[in-house]
Amino acid sequence: MITISAPAKINLTLEVLGKRPDGYHEVRSIMQSISLSDTLIIKEADTLEITSDDEQWDGRISLVAKAADLLKKRTGTRKGASIIVQKRIPLLSGLGGDSSDAAAALAGLNEIWSLGLSRDELKKMANELGSDIPFFFSGGTALATGRGEIISSLPPISHSWVVLIFPDTPRRPRKTKTAYESLIPSHFTDGDTTNQLVDSLITGKYPDDTLLINAFEKVAFSLYPGLETIQQQLSSIGISRLHLAGSGPTLFSIYGDLVKAKDIVSRLEDHSFQCNLTETT
Ligand code: C5P
């Protein structure tokens with residue numbers, strides 16, 4: 001039996017450069033893993049069984065199931081496995097939970113089933129399953145280009161506290177696709193802000209908050225009914241400097257100082273906002 005941690009991510013920047021002929025969008029993004037994690041417990045079994053402690057998460061349609069199916073198809077293995085997914089990353093939140101679980105499943109099943117696939121072979125399969133999955137093979141701070149699947153490690157951001165706020169807004173499956181489809185050419189940027197943040201990371205400078213941009217912030221209020229009101233409520237209790245996590249709707253705010261981060265969390269809790277204090281990893 002093996003136990004694997006599957007961390008969440010935020011995008012410190014998420015710039016969309018334009019639409020590609022293959023229907024995807026070209027991105028330039030700095031991804032960052034954080035301490036909030038799911039856990040996968042994997043053991044060999046007669047059949048493939050994927051379960052979770054979160055009743056709303058359907059293992060059969062998850063990327064974990066798709067990862068297992070792809071591994072079986074490519075290697076021809078007839079082995080089964082029991083995969084228990086302990087969900088801590090909220091579903092459809094923009095924090096990459098399903099993608100991270102899929103990366104963990106690929107790595108875990110490769111080991112449990114003794115498939116002997118290299119990291120590069122696993123990453124290629126990850127790439128076929130979804131644009132966000134390859135990042136989770138390295139985590140940390142990384143530049144993502146192409147459709148998000150080309151990953152280059154960056155010097156890590158100085159240790160930071162990340163306050164996550166989970167707005168209670170309706171969200172639909174395939175929300176990432178919808179979010180990309182909502183973008184229009186005036187939302188596209190040239191990647192320069194991401195390059196400036198890369199420079200900050202290389203020189204060891206703490207990133208300026210104004211560099212944390214995300215193209216989906218331009219469409220978030222139309223994607224997530226109620227989000228605008230929530231942001232106004234947050235602003236009225238003095239919480240600004242908020243950024244959208246991935247394609248949302250989670251919001252995050254980042255601090256070098258734990259006292260400041262804890263103060264924000266207690267203010268959020270006093271006003272009954274669902275939140276979580278995490279840190280960069
Ligand atoms: O790669 P993934 O399957 O996670 O993407 C889900 C959908 O999001 C894609 O089908 C595509 O419509 C959209 N997408 C995009 N450009 C990207 C990544 C995703 O248009 N770079």
# chains A, B, ... in the order shown; residues from 1 in each chain; ligands from 1
>>> residues_near_ligand(ligand="ligand 1", cutoff="12 Å", atoms="only C-alpha atoms and all ligand atoms", output="number ranges by chain")
A: 14-29, 62-63, 66, 92, 94, 96-100, 102, 126-134, 144-150, 173-184, 215-216, 246-247
>>> select_by_dssp(residues="range 67-214 of chain A", states="alpha helix (DSSP H)", output="MDAnalysis selection string")
chainID A and resid 67:75 97:112 119:129 175:182 192:203
>>> closest_residue(among="A:Asn214, A:Ser160, A:Ser222, A:Thr203", to="Leu258 in chain A", atoms="only C-alpha atoms")
A:Ser160
>>> select_by_dssp(residues="range 61-226 of chain A", states="strand (DSSP E or B)", output="list of chain:residue names")
A:Gly80, A:Ala81, A:Ser82, A:Ile83, A:Ile84, A:Val85, A:Gln86, A:Thr141, A:Ala142, A:Leu143, A:Ala144, A:Thr145, A:Ile150, A:Ile151, A:Ser152, A:Ser153, A:Trp161, A:Val162, A:Val163, A:Leu164, A:Ile165, A:Asn214
>>> residues_around(residues="Phe137 in chain A", least_positions_apart="4", cutoff="12 Å", atoms="only C-alpha atoms", output="ChimeraX atom specification")
/A:5-7,33,99-108,118-127,132-133,141-142,149-153
>>> residues_around(residues="Glu269 in chain A", least_positions_apart="4", cutoff="12 Å", atoms="only C-alpha atoms", output="ChimeraX atom specification")
/A:163-166,234,237,262-265,273-277
>>> atom_distance(atom1="CA of Lys9 in chain A", atom2="CA of Leu242 in chain A")
15.8 Å
>>> closest_residue(among="A:Lys79, A:Arg241, A:His187, A:Lys87", to="Leu211 in chain A", atoms="only C-alpha atoms")
A:Arg241
>>> atom_distance(atom1="CA of Ile42 in chain A", atom2="CA of Ile2 in chain A")
5.4 Å
>>> atom_distance(atom1="CA of Tyr224 in chain A", atom2="CA of Gly248 in chain A")
8.4 Å
>>> closest_residue(among="A:Leu12, A:Asp38, A:Arg267, A:Trp57", to="Gly238 in chain A", atoms="only C-alpha atoms")
A:Arg267
>>> residues_around(residues="Thr281 in chain A", least_positions_apart="2", cutoff="10 Å", atoms="only C-alpha atoms", output="short mmCIF file (atom, residue, chain, number, x, y, z; two decimals) with N, CA and C atoms, in the first residue's frame")
data_model
loop_
_atom_site.label_atom_id
_atom_site.label_comp_id
_atom_site.auth_asym_id
_atom_site.auth_seq_id
_atom_site.Cartn_x
_atom_site.Cartn_y
_atom_site.Cartn_z
N PRO A 7 -0.87 17.90 -3.78
CA PRO A 7 -1.08 19.30 -3.37
C PRO A 7 -1.93 20.12 -4.33
N ALA A 8 -2.51 21.17 -3.79
CA ALA A 8 -3.23 22.15 -4.62
C ALA A 8 -2.22 23.13 -5.21
N LYS A 9 -2.67 23.94 -6.18
CA LYS A 9 -1.82 24.99 -6.75
C LYS A 9 -2.61 26.28 -6.85
N GLN A 32 2.25 27.67 -8.61
CA GLN A 32 2.86 27.51 -7.29
C GLN A 32 2.08 26.47 -6.49
N SER A 33 2.78 25.45 -6.01
CA SER A 33 2.07 24.46 -5.17
C SER A 33 1.94 25.01 -3.75
N ILE A 34 0.89 24.60 -3.08
CA ILE A 34 0.63 25.06 -1.71
C ILE A 34 0.34 23.85 -0.81
N SER A 35 0.29 24.11 0.49
CA SER A 35 0.26 22.98 1.43
C SER A 35 -1.10 22.28 1.51
N LEU A 36 -2.16 22.91 1.09
CA LEU A 36 -3.46 22.23 1.09
C LEU A 36 -3.38 21.03 0.13
N GLY A 139 5.92 20.37 -9.04
CA GLY A 139 5.39 21.29 -8.02
C GLY A 139 6.32 22.47 -7.81
N GLY A 140 6.31 23.04 -6.62
CA GLY A 140 7.14 24.22 -6.33
C GLY A 140 6.67 25.42 -7.11
N THR A 141 7.62 26.22 -7.58
CA THR A 141 7.31 27.40 -8.38
C THR A 141 7.77 27.09 -9.81
N PRO A 156 12.31 29.08 -6.21
CA PRO A 156 11.07 29.16 -5.43
C PRO A 156 10.80 30.56 -4.89
N ILE A 157 9.55 30.92 -4.83
CA ILE A 157 9.15 32.18 -4.20
C ILE A 157 9.55 32.11 -2.72
N SER A 158 9.93 33.25 -2.11
CA SER A 158 10.25 33.17 -0.67
C SER A 158 9.00 32.70 0.05
N HIS A 159 9.23 31.93 1.10
CA HIS A 159 8.12 31.27 1.78
C HIS A 159 7.00 32.27 2.07
N SER A 160 5.78 31.92 1.70
CA SER A 160 4.66 32.85 1.85
C SER A 160 3.45 32.12 2.43
N TRP A 161 2.63 32.90 3.10
CA TRP A 161 1.36 32.39 3.62
C TRP A 161 0.27 32.75 2.62
N THR A 278 -2.96 28.52 4.19
CA THR A 278 -2.02 27.53 3.66
C THR A 278 -0.68 28.24 3.44
N GLU A 279 0.31 27.48 2.98
CA GLU A 279 1.60 28.10 2.71
C GLU A 279 2.19 27.56 1.42
#
>>> residues_around(residues="Met1 in chain A", least_positions_apart="3", cutoff="8 Å", atoms="only C-alpha atoms", output="list in words")
Ile41, Ile42, Lys43, Glu44 and Ile112 of chain A
>>> closest_residue(among="A:Leu95, A:Ile4, A:Ile254, A:Ile213", to="Thr280 in chain A", atoms="only C-alpha atoms")
A:Ile254
>>> decode(residues="range 203-224 of chain A", atoms="C-alpha atoms", output="mmCIF file, in the first residue's frame")
data_model
loop_
_atom_site.group_PDB
_atom_site.id
_atom_site.type_symbol
_atom_site.label_atom_id
_atom_site.label_comp_id
_atom_site.auth_asym_id
_atom_site.auth_seq_id
_atom_site.Cartn_x
_atom_site.Cartn_y
_atom_site.Cartn_z
ATOM 1 C CA THR A 203 16.769 38.069 -8.285
ATOM 2 C CA GLY A 204 15.155 36.853 -5.052
ATOM 3 C CA LYS A 205 12.914 39.944 -4.744
ATOM 4 C CA TYR A 206 9.560 39.457 -2.987
ATOM 5 C CA PRO A 207 6.998 39.719 -5.816
ATOM 6 C CA ASP A 208 5.052 42.928 -6.045
ATOM 7 C CA ASP A 209 1.334 42.206 -5.662
ATOM 8 C CA THR A 210 0.582 44.171 -8.840
ATOM 9 C CA LEU A 211 2.389 41.466 -10.828
ATOM 10 C CA LEU A 212 -0.134 38.823 -9.762
ATOM 11 C CA ILE A 213 -2.535 38.996 -12.687
ATOM 12 C CA ASN A 214 -4.987 36.463 -14.056
ATOM 13 C CA ALA A 215 -6.880 36.784 -17.364
ATOM 14 C CA PHE A 216 -9.935 35.074 -15.864
ATOM 15 C CA GLU A 217 -10.365 37.952 -13.403
ATOM 16 C CA LYS A 218 -11.731 39.883 -16.389
ATOM 17 C CA VAL A 219 -14.627 37.425 -16.772
ATOM 18 C CA ALA A 220 -14.969 36.085 -13.216
ATOM 19 C CA PHE A 221 -18.018 38.172 -12.250
ATOM 20 C CA SER A 222 -19.969 36.886 -15.246
ATOM 21 C CA LEU A 223 -18.770 33.297 -14.716
ATOM 22 C CA TYR A 224 -19.633 33.209 -11.019
#
